[in-house]
Amino acid sequence: MFWRPRPNIKLRGKTSRRTITALSAPGQTEVVSLGQDVRARAKAYSDPGPQERLAAIDTQRPVSPSLVDSFNRRHDYLRISLTERCNLRCFYCMPGDGIELSPREHILTDDEVIRLATLFVKSGVTKIRLTGGEPTVRKGLVDVVARLNELRGHGLKSIGMTSNGIALERRLPTLVENGLTHLNLSLDTLDPFKFEIMTRRMGHDAVLRSLRAALASGLRSVKLNVVVVKGLNDAEVLDFLELTKDQNLSVRFIEFMPFTGNKWDKAKMVPSSELLSHIQRQHPSTIKAPDELNDTARSYITPGYKGSFGFISSMSDHFCGSCNRLRLTADGQIKVCLFDAKEISLRDQMREGATDDELLRTIGHAVRGKQEKHAGMEDIDVVTNRPMILIGAPQLTHLDASGRASMVDVSDKEPTARSAIATGRIYIPEVAYDLVTKTYPTPHANDANDAISALDRAKAKARSKGDVLTVAQLAAIMGCKRTSDLIPLCHPLPLSHVAVVLQPEVHRSPSGSSGREAESSGNVIGDRDVRACRPREAERPIYSIVCRAEVSCQGKTGVEMEALTAVSVGLLTVWDMLKAVAGKEMVIGDIVVSEKIGGKSGDFRRA
């Protein structure tokens with residue numbers, strides 16, 4: 001249960017090294033005895049008995065069988081990710097090397113979001129929460145909330161949103177006017193410096209302003225989500241608890257959870273039981289609040305405090321048995337469990353003309369496949385499951401519904417013109433460069449004083465294999481045509497054109513200018529990129545051979561893999577041809593798709 005906040009609430013700073021330690025309301029103070037406070041709030045949290053709980057369930061709005069899983073859990077709560085983009089870079093949410101954003105056309109349109117939301121609400125969903133990424137970075141957010149608000153006539157009871165608060169303050173009044181009822185703000189530290197460490201961005205003050213605006217907005221519920229990481233912010237738990245002293249705020253401490261790329265470590269996770277013990281030593285009169293049906297948090301009351309606090313113990317004490325949540329990712333995949341990598345695309349079905357009944361059957365299939373509980377903390381799949389921020393971005397396509405490797409079904413696709421260009425480099429020493437670009441006389445030993453050096457013998461061996469660039473070119477073309485034999489899940493394609501060019505090049509100046517090259521090329525990468533791949537001394541030349549492959553076909557799937565295979569095989573052949581003189585010094589790198597044309601995902605050109 002939540003309480004309605006008072007108006008004219010101000011956020012006052014303290015003089016400690018933390019930015020704030022409490023929220024307080026100015027003006028007249030309401031006097032309530034400790035006994036009255038505890039009794040009143042315990043009554044407010046009164047826990048119905050088993051019969052009452054069953055009766056409450058029976059009187060709930062009917063839920064479509066498509067939203068009931070094989071363990072009889074009713075799913076009436078839908079979380080919709082509106083975007084994969086975010087204006088923060090929290091280390092536990094986004095991999096350190098960033099993410100690859102999907103093309104705009106992959107993301108659900110507003111109309112598609114509303115269509116699916118309408119289908120879910122008519123099927124029994126009563127609560128929708130908007131998430132991301134960061135939902136406030138999506139254009140048209142206010143209109144989406146307003147259109148969702150029109151679903152109240154079909155049974156929708158609440159519209160919530162989870163936000164980091166960076167860009168929320170000014171938008172919040174309009175969002176509330178258009179139907180937003182619940183808000184969860186994410187703030188993991190009260191220390192501005194630590195905030196920058198955890199989020200890799202500035203903006204601590206903006207989050208506090210959004211919190212102040214939320215508490216004064218008339219929202220039904222304002223919660224503060226705090227991801228606790230041992231040795232980083234676990235010492236701030238009591239400071240966060242003080243925020244609830246004078247405000248109707250619920251602070252929820254969340255266990256650090258594993259996702260792809262966030263370097264999760266069990267040693268960094270602080271079990272909720274440990275945090276509770278720490279709080280109870282300071283506040284021994286803290287009492288347990290009865291859990292609400294389907295609630296993810298275990299809630300507690302501190303006598304004398306207007307707010308509450310709780311724990312979301314996904315790792316140490318999961319709540320799978322009462323889970324009523326489904327997730328719709330930004331690219332239209334239904335995800336039945338946050339920790340399950342399996343997803344089914346509703347977007348593709350919609351865009352292929354599926355009816356609502358067909359979509360509902362797909363939803364039912366996904367829901368019935370939901371496991372009784374997610375894996376233990378050491379066994380959660382962080383290899384194929386998305387990073388937290390990408391609960392709304394593309395996932396591995398070569399997996400079936402059970403997570404096993406599977407070739408993508410393209411039987412329903414029509415053949416279209418496809419092409420791709422890939423490039424790559426092999427970095428070689430000067431002696432190998434000279435061997436490729438110059439003609440050497442074959443050495444002869446006329447007498448004992450004219451012995452053939454080891455280097456000359458190595459050069460002769462390398463030359464005996466043939467012209468390096470010509471052999472590598474032929475190998476690249478052959479490898480391109482055999483891609484489906486080399487890469488297990490690639491489709492065999494009728495290639496209509498394969499062109500491979502290998503060019504020697506040398507980079508001389510650390511300032512970024514290039515020296516001589518065998519021939520000019522529009523796809524030569526600058527010195528800055530070369531230095532990033534292979535450090536070098538000032539003014540010392542770097543020699544390399546660039547390979548460029550262009551492939552095209554009339555087919556049902558793209559030819560990026562064929563282009564990449566051609567480049568890879570071509571560069572490997574160069575390595576094999578020159579290994580006698582430079583086997584220990586050559587480095588292959590910079591292999592990328594530089595251009596792609598055709599297909600549903602649209603055209604692409606690397607800047």
# chains A, B, ... in the order shown; residues from 1 in each chain; ligands from 1
call {"tool": "closest_atom_pairs", "arguments": {"of": "stretch 118-156 of chain A", "to": "stretch 58-79 of chain A", "cutoff": "8 Å", "atoms": "only C-alpha atoms", "output": "JSON lines"}}
result
{"residue": "A:Phe120", "atom": "CA", "partner": "A:Leu78", "partner_atom": "CA", "distance": 7.8}
{"residue": "A:Ser123", "atom": "CA", "partner": "A:Ser64", "partner_atom": "CA", "distance": 4.9}
{"residue": "A:Gly124", "atom": "CA", "partner": "A:Val63", "partner_atom": "CA", "distance": 4.3}
{"residue": "A:Val125", "atom": "CA", "partner": "A:Asp76", "partner_atom": "CA", "distance": 3.8}
{"residue": "A:Thr126", "atom": "CA", "partner": "A:Asp76", "partner_atom": "CA", "distance": 5.5}
{"residue": "A:Lys127", "atom": "CA", "partner": "A:Tyr77", "partner_atom": "CA", "distance": 4.8}
{"residue": "A:Ile128", "atom": "CA", "partner": "A:Leu78", "partner_atom": "CA", "distance": 4.9}
{"residue": "A:Arg129", "atom": "CA", "partner": "A:Arg79", "partner_atom": "CA", "distance": 4.7}
{"residue": "A:Leu130", "atom": "CA", "partner": "A:Arg79", "partner_atom": "CA", "distance": 5.9}
{"residue": "A:Thr131", "atom": "CA", "partner": "A:Arg79", "partner_atom": "CA", "distance": 6.8}
{"residue": "A:Gly155", "atom": "CA", "partner": "A:Arg61", "partner_atom": "CA", "distance": 7.9}
call {"tool": "write_last_selection", "arguments": {"atoms": "N, CA and C atoms", "output": "PDB file, in the first residue's frame"}}
result
ATOM      1  N   PHE A 120      -3.014  -7.090 -25.036  1.00  0.00           N
ATOM      2  CA  PHE A 120      -2.708  -7.611 -23.700  1.00  0.00           C
ATOM      3  C   PHE A 120      -3.759  -7.169 -22.683  1.00  0.00           C
ATOM      4  N   SER A 123      -6.891  -8.938 -22.894  1.00  0.00           N
ATOM      5  CA  SER A 123      -6.711 -10.336 -22.485  1.00  0.00           C
ATOM      6  C   SER A 123      -6.545 -10.482 -20.979  1.00  0.00           C
ATOM      7  N   GLY A 124      -6.502  -9.360 -20.241  1.00  0.00           N
ATOM      8  CA  GLY A 124      -6.449  -9.456 -18.783  1.00  0.00           C
ATOM      9  C   GLY A 124      -5.364  -8.658 -18.100  1.00  0.00           C
ATOM     10  N   VAL A 125      -4.461  -8.006 -18.829  1.00  0.00           N
ATOM     11  CA  VAL A 125      -3.425  -7.182 -18.208  1.00  0.00           C
ATOM     12  C   VAL A 125      -4.069  -5.934 -17.600  1.00  0.00           C
ATOM     13  N   THR A 126      -3.734  -5.653 -16.346  1.00  0.00           N
ATOM     14  CA  THR A 126      -4.292  -4.483 -15.652  1.00  0.00           C
ATOM     15  C   THR A 126      -3.230  -3.441 -15.319  1.00  0.00           C
ATOM     16  N   LYS A 127      -1.962  -3.814 -15.461  1.00  0.00           N
ATOM     17  CA  LYS A 127      -0.880  -2.896 -15.113  1.00  0.00           C
ATOM     18  C   LYS A 127       0.161  -2.905 -16.224  1.00  0.00           C
ATOM     19  N   ILE A 128       0.527  -1.711 -16.685  1.00  0.00           N
ATOM     20  CA  ILE A 128       1.570  -1.572 -17.695  1.00  0.00           C
ATOM     21  C   ILE A 128       2.651  -0.654 -17.141  1.00  0.00           C
ATOM     22  N   ARG A 129       3.889  -1.056 -17.334  1.00  0.00           N
ATOM     23  CA  ARG A 129       5.022  -0.215 -16.951  1.00  0.00           C
ATOM     24  C   ARG A 129       5.900   0.008 -18.162  1.00  0.00           C
ATOM     25  N   LEU A 130       6.262   1.277 -18.400  1.00  0.00           N
ATOM     26  CA  LEU A 130       7.121   1.650 -19.524  1.00  0.00           C
ATOM     27  C   LEU A 130       8.571   1.698 -19.059  1.00  0.00           C
ATOM     28  N   THR A 131       9.436   1.035 -19.811  1.00  0.00           N
ATOM     29  CA  THR A 131      10.844   0.961 -19.444  1.00  0.00           C
ATOM     30  C   THR A 131      11.696   1.252 -20.674  1.00  0.00           C
ATOM     31  N   GLY A 155     -10.053  -2.166 -18.908  1.00  0.00           N
ATOM     32  CA  GLY A 155      -9.591  -2.823 -17.690  1.00  0.00           C
ATOM     33  C   GLY A 155      -8.221  -2.423 -17.189  1.00  0.00           C
TER      34      GLY A 155
END
call {"tool": "residues_around", "arguments": {"residues": "A:Ser273", "least_positions_apart": "4", "cutoff": "12 Å", "atoms": "only C-alpha atoms", "output": "PyMOL selection string"}}
result
chain A and resi 253-255+269+277-280+298+310-313+315-317
call {"tool": "write_last_selection", "arguments": {"atoms": "C-alpha atoms", "output": "short mmCIF file (atom, residue, chain, number, x, y, z; two decimals), in the first residue's frame"}}
result
data_model
loop_
_atom_site.label_atom_id
_atom_site.label_comp_id
_atom_site.auth_asym_id
_atom_site.auth_seq_id
_atom_site.Cartn_x
_atom_site.Cartn_y
_atom_site.Cartn_z
CA PHE A 253 17.31 -2.21 -2.48
CA ILE A 254 18.00 -4.46 -5.47
CA GLU A 255 20.56 -7.23 -5.53
CA MET A 269 26.41 -9.06 -4.53
CA SER A 277 20.51 -7.17 9.53
CA HIS A 278 22.53 -3.99 9.10
CA ILE A 279 19.36 -1.87 9.15
CA GLN A 280 17.88 -3.70 12.14
CA ARG A 298 9.77 -7.75 0.59
CA GLY A 310 12.09 -3.19 0.79
CA PHE A 311 14.32 -5.68 -0.96
CA ILE A 312 14.16 -7.17 -4.44
CA SER A 313 16.08 -10.38 -3.88
CA MET A 315 19.39 -13.72 -6.63
CA SER A 316 19.24 -14.88 -3.00
CA ASP A 317 15.47 -15.25 -2.49
#
call {"tool": "select_by_dssp", "arguments": {"residues": "stretch 152-381 of chain A", "states": "strand (DSSP E or B)", "output": "VMD selection string"}}
result
chain A and resid 158 to 163 182 to 186 221 to 229 250 to 255 269 287 to 288 298 to 301 308 to 312 325 to 328 333 to 335 344 to 345
